[in-house]
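S.K.: Below you will find the structure I want to go over with you.
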Amino acid sequence: MSEEKKVTRRSLLMTIGIVFNGIVAAAITVPVISYLLSPIKKRGAYNQWISLGSLSQFPEGQTRLVDFVNPFNRPQDGETARTPCWVRHVSEEKFQVFAINCAHLGCPVRWFPQSELFMCPCHGGVYYADGERASGPPERGLFQYDYKLVSGELHINAGQMPTLANQASLGKGKSPCLG
Amino acid sequence: MSRLKKLYNWFEMRLQLEEPVKDAILHPVPRSTASWWYVFGSAAMTLLMLQIVTGILLALIYVPSASEAWKTLDQLNHQIYLGWFLRAMHGWGSNFMVAVVLIHMAQVFIFGAYKFPRELTWILGVFLLLMTLGMAFTGQVLRFDQDAYWGLGIGASIASRVPLIGGPLVHLMLGGPIIGGATLSRFFALHVFVIPGSMLLFVALHVWMVLKLGINDWPMPGRIVRRSTYMQEYHELAHKDGVPFVPDAFWKDLFFSGAILAAVAVCAFVFGPYGPGGQPDPTIIQTAPKPDFFFLWIYAVLSYLPPSLETPFVLIVPIIGICLLLALPLVAGEGEKSWHRRPVAVLVLVMVAVSWAVFTHLATFTPWSPVMDAWSGYPLPTKLVHSATPLERQGAVVFQAKQCRNCHSIGGTGGQRGPALDTVATRLTEDQLIRQVIQGGGNMPAYGKNLSPPEVTALVRFLETLKPAGQPAATDASRRQQAQEVAPQP
């Protein structure tokens with residue numbers, strides 16, 4: 001039909017112009033996508049061993065609140081660079097280091113030594129002393145950090161906010177976490 | 001005067017705006033649309049303008065840095081002249097805007113205004129609603145206090161539940177591994193550039209379509225919308241019995257917008273700015289984070305969902321809801337507009353409104369949350385232990401000291417997570433009480449490992465005293481049977 005006849009020199013130049021702009025735009029924007037996605041890093045890239053201090057701070061049989069400065073902090077983080085966690089000294093060289101974040105939606109859980117329970121103020125998640133889920137909406141126990149003892153100090157493998165996505169498995173709560 | 005006219009003409013010759021503006025403001029609209037029911041859309045736009053102006057004024061002082069934001073909010077509240085008032089205007093303006101947008105939507109829905117040919121106007125409106133809510137959420141984050149910090153934690157926890165890409169999604173949302181400076185910066189960019197920019201574009205198209213397609217005629221039972229005839233019918237309605245949009249309909253918009261602005265200012269003046277609450281220091285864990293008013297219902301829903309349903313519900317239901325809203329005008333684009341002939345529409349609206357109100361009301365006193373300081377903050381009513389035996393009193397001490405009160409209320413104070421225990425002895429026998437304390441169950445933790453046998457005995461003795469005078473204690477029918485068999489009554 002007549003449409004074929006309409007391909008003139010100028011309409012062809014216009015088409016080429018559009019394609020040219022498209023190519024330039026793609027060449028510029030594709031690298032920028034990586035800029036946008038730069039917070040996403042490989043599994044474990046945000047984790048680092050950090051010291052929670054001397055073992056003498058953690059009397060056996062007690063659960064204590066400590067905080068550490070996140071290894072991946074920036075100057076503008078201010079006080080948000082600090083992260084609290086609960087350290088339970090079970091026996092001798094056995095520890096449990098629980099994330100502050102409730103496994104339900106991340107609110108800060110509080111330890112009650114009298115009833116030996118962790119309670120969450122948001123939606124009422126409750127955990128036993130060993131981090132197992134006791135009641136409420138969480139579907140698993142508290143998140144735990146990997147720990148090791150290095151020359152009289154307690155070190156944990158931490159760096160990112162613990163969530164269900166960076167946990168090995170659901171349900172048990174005992175799985176070591178990358179959190 | 002002639003000089004003014006000359007100046008006008010100089011501009012008009014170059015701008016050539018007179019004709020399109022006249023067209024827009026003088027276009028005829030059906031007489032019935034000059035109604036007080038049709039003022040909410042323009043009020044929402046007025047509030048958007050207010051938010052932009054107050055937002056820019058706040059941005060002159062506010063520093064979107066996790067280490068500075070809270071301090072600059074505090075400065076605005078206490079040191080900068082009228083800073084508190086602008087923060088209050090922006091905060092109350094946001095509340096009013098969400099409310100007016102919701103009312104506008106409900107009105108459009110119940111008046112059938114989304115039907116042909118205004119389907120796309122509705123669809124853009126759905127996106128505008130989502131953006132308004134997005135502004136409310138990101139705005140709450142910019143008020144960088146404890147609630148904002150832990151609110152982001154809740155957002156990240158929800159994002160982490162997305163299958164496969166949950167982890168990367170959390171990092172993308174937070175701008176890094178933790179809630180911090182990068183998080184606030186990206187929420188600032190969303191709140192100040194991305195969402196308002198898209199909103200202005202969508203509002204422009206939305207209003208353009210209202211002007212081009214005309215304001216929805218007042219729904220009359222029996223006046224059926226048909227794609228083949230509607231345009232003709234509307235044209236007749238607007239031209240035969242029509243009035244010019246300005247001033248016949250517009251004066252009501254002006255009055256209402258003015259009243260809304262005045263209401264925002266009065267609320268701002270009387271109630272003041274929102275927060276900021278405590279500093280966003282994650283190591284201060286003595287906090288019970290709560291979302292702003294318009295997200296309270298989500299807070300309630302999230303605490304009532306059973307654990308197994310939570311992830312699917314949180315991830316799927318919002319998508320279904322949005323799809324339903326978007327599909328509505330495409331599926332029901334024709335037919336009756338009048339609410340007299342649309343009982344399902346009326347029921348849906350009432351149901352949504354009632355559920356929303358109930359959940360919001362529940363979230364104002366959070367019966368699902370333990371009261372974290374009830375065990376140490378609320379003493380037991382003296383009359384309960386007045387004539388108790390030493391063992392029962394010891395049980396009362398156990399009851400308080402083991403934080404039972406955080407979840408169970410007695411005498412009207414304490415948590416509401418578990419049942420109130422004022423009459424527990426009429427419901428549970430001694431055996432049942434012991435079992436419940438030791439093994440827990442029904443959403444109660446098991447205290448078996450934590451209580452010594454004497455403590456359990458004392459606690460149960462105390463619980464057995466909790467019944468109204470004159471009411472019998474709960475009994476075990478099978479035990480009574482056994483007792484009767486051993487010693488038959490004469």
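Quick note on naming: the chains in the structure tokens go A, B, ... in the order shown, residues restart at 1 in each chain, and ligands are numbered from 1 in order of appearance.
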If you take only C-alpha atoms and a cut-off of 12 Å, which residues of stretch 44-90 of chain A touch stretch 116-132 of chain A, and what are their nearest atom pairs and distances in Å to one decimal, in chain and number order, as a Markdown table?

M.R.:
```
| residue | atom | partner | partner_atom | distance |
| --- | --- | --- | --- | --- |
| A:Gly61 | CA | A:Ala129 | CA | 10.2 |
| A:Gln62 | CA | A:Ala129 | CA | 9.6 |
| A:Thr63 | CA | A:Ala129 | CA | 8.2 |
| A:Arg64 | CA | A:Ala129 | CA | 11.5 |
| A:Leu65 | CA | A:Phe118 | CA | 11.9 |
| A:Trp86 | CA | A:Phe118 | CA | 9.9 |
| A:Val87 | CA | A:Asp130 | CA | 10.6 |
| A:Arg88 | CA | A:Asp130 | CA | 8.2 |
| A:His89 | CA | A:Asp130 | CA | 10.4 |
| A:Val90 | CA | A:Asp130 | CA | 8.9 |
```

S.K.: Just write the chosen residues, N, CA and C atoms, as a PDB file, in the first residue's frame.

M.R.:
```
ATOM      1  N   GLY A  61      25.913 -18.460  82.791  1.00  0.00           N
ATOM      2  CA  GLY A  61      24.512 -18.609  83.172  1.00  0.00           C
ATOM      3  C   GLY A  61      23.696 -17.346  82.992  1.00  0.00           C
ATOM      4  N   GLN A  62      24.331 -16.270  82.536  1.00  0.00           N
ATOM      5  CA  GLN A  62      23.569 -15.025  82.371  1.00  0.00           C
ATOM      6  C   GLN A  62      23.461 -14.614  80.903  1.00  0.00           C
ATOM      7  N   THR A  63      22.454 -13.795  80.660  1.00  0.00           N
ATOM      8  CA  THR A  63      22.250 -13.256  79.318  1.00  0.00           C
ATOM      9  C   THR A  63      22.380 -11.746  79.398  1.00  0.00           C
ATOM     10  N   ARG A  64      23.288 -11.195  78.609  1.00  0.00           N
ATOM     11  CA  ARG A  64      23.546  -9.752  78.734  1.00  0.00           C
ATOM     12  C   ARG A  64      23.448  -9.039  77.389  1.00  0.00           C
ATOM     13  N   LEU A  65      23.066  -7.766  77.480  1.00  0.00           N
ATOM     14  CA  LEU A  65      22.966  -6.937  76.274  1.00  0.00           C
ATOM     15  C   LEU A  65      24.321  -6.279  76.006  1.00  0.00           C
ATOM     16  N   TRP A  86      22.155  -9.857  72.158  1.00  0.00           N
ATOM     17  CA  TRP A  86      22.091 -10.531  73.465  1.00  0.00           C
ATOM     18  C   TRP A  86      23.112 -11.663  73.505  1.00  0.00           C
ATOM     19  N   VAL A  87      23.974 -11.651  74.531  1.00  0.00           N
ATOM     20  CA  VAL A  87      24.964 -12.726  74.666  1.00  0.00           C
ATOM     21  C   VAL A  87      24.571 -13.603  75.848  1.00  0.00           C
ATOM     22  N   ARG A  88      24.424 -14.901  75.596  1.00  0.00           N
ATOM     23  CA  ARG A  88      24.099 -15.844  76.669  1.00  0.00           C
ATOM     24  C   ARG A  88      25.311 -16.746  76.872  1.00  0.00           C
ATOM     25  N   HIS A  89      25.875 -16.698  78.047  1.00  0.00           N
ATOM     26  CA  HIS A  89      26.989 -17.583  78.354  1.00  0.00           C
ATOM     27  C   HIS A  89      26.404 -18.859  78.943  1.00  0.00           C
ATOM     28  N   VAL A  90      26.382 -19.914  78.141  1.00  0.00           N
ATOM     29  CA  VAL A  90      25.728 -21.147  78.576  1.00  0.00           C
ATOM     30  C   VAL A  90      26.609 -21.869  79.573  1.00  0.00           C
TER      31      VAL A  90
END
```

S.K.: Set the cut-off to 7 Å and count only C-alpha atoms: what are the residues of chain A that reach chain B? Output as number ranges by chain.

M.R.: A: 37, 39-40, 46, 67, 76-84, 105-108, 114-116, 121-124, 134-139, 159-161, 163-166

S.K.: Please, what distance in Å, to one decimal, runs between atom CA of B:Leu48 and atom CA of B:Ile215?

M.R.: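 These two atoms are separated by 20.7 Å.
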
S.K.: Show me, as a list in words, the residues that have an atom within 12 Å of B:Ser32 when counting only C-alpha atoms, minus same-chain residues fewer than 5 positions from it.

M.R.: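 Here the qualifying residues turn out to be Trp37, Tyr38, Ile215, Asn216, Asp217, Trp218, Pro219, Met220, Tyr234, Leu237, Ala238, Asp241, Gly242, Val243, Pro244, Phe245, Asp248 and Ala249 of chain B.
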
S.K.: Dump C-alpha atoms for the selected residues as an mmCIF file, in the first residue's frame?

M.R.:
```cif
data_model
loop_
_atom_site.group_PDB
_atom_site.id
_atom_site.type_symbol
_atom_site.label_atom_id
_atom_site.label_comp_id
_atom_site.auth_asym_id
_atom_site.auth_seq_id
_atom_site.Cartn_x
_atom_site.Cartn_y
_atom_site.Cartn_z
ATOM 1 C CA TRP B 37 -20.039 15.764 47.122
ATOM 2 C CA TYR B 38 -17.707 16.708 44.288
ATOM 3 C CA ILE B 215 -17.343 15.728 35.604
ATOM 4 C CA ASN B 216 -19.338 12.601 36.330
ATOM 5 C CA ASP B 217 -23.098 13.221 36.138
ATOM 6 C CA TRP B 218 -25.099 12.657 39.318
ATOM 7 C CA PRO B 219 -26.055 8.939 39.369
ATOM 8 C CA MET B 220 -29.773 8.388 38.769
ATOM 9 C CA TYR B 234 -23.565 13.236 28.677
ATOM 10 C CA LEU B 237 -26.934 16.667 29.833
ATOM 11 C CA ALA B 238 -24.056 19.127 29.933
ATOM 12 C CA ASP B 241 -29.145 21.573 31.401
ATOM 13 C CA GLY B 242 -25.570 22.562 32.067
ATOM 14 C CA VAL B 243 -23.773 25.285 33.966
ATOM 15 C CA PRO B 244 -20.266 26.643 33.410
ATOM 16 C CA PHE B 245 -17.727 24.860 35.617
ATOM 17 C CA ASP B 248 -21.194 27.539 39.276
ATOM 18 C CA ALA B 249 -19.429 24.400 40.474
#
```

S.K.: Can you tell me, as number ranges by chain, which residues in stretch 178-385 of chain B count as alpha helix (DSSP H) by DSSP?

M.R.: B: 181-189, 195-213, 230-240, 250-271, 296-304, 307-331, 343-365, 374-377, 382-385

S.K.: What's the separation between atom CA of B:Tyr274 and atom CA of B:Phe85, in Å to one decimal place?

M.R.: 10.5 Å

S.K.: One decimal, in Å: what's the spacing between atom CA of B:Val385 and atom CA of B:Val460?

M.R.: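 Result for atom CA of B:Val385 versus atom CA of B:Val460: 13.9 Å, one decimal.
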
S.K.: If we count only C-alpha atoms and set the cut-off at 6 Å, which residues sit around stretch 141-152 of chain A, ignoring sequence neighbours fewer than 2 positions away in its own chain? Please answer as a PyMOL selection string.

M.R.: chain A and resi 54-55+97-99+103+131-133+154-157+173+176-177
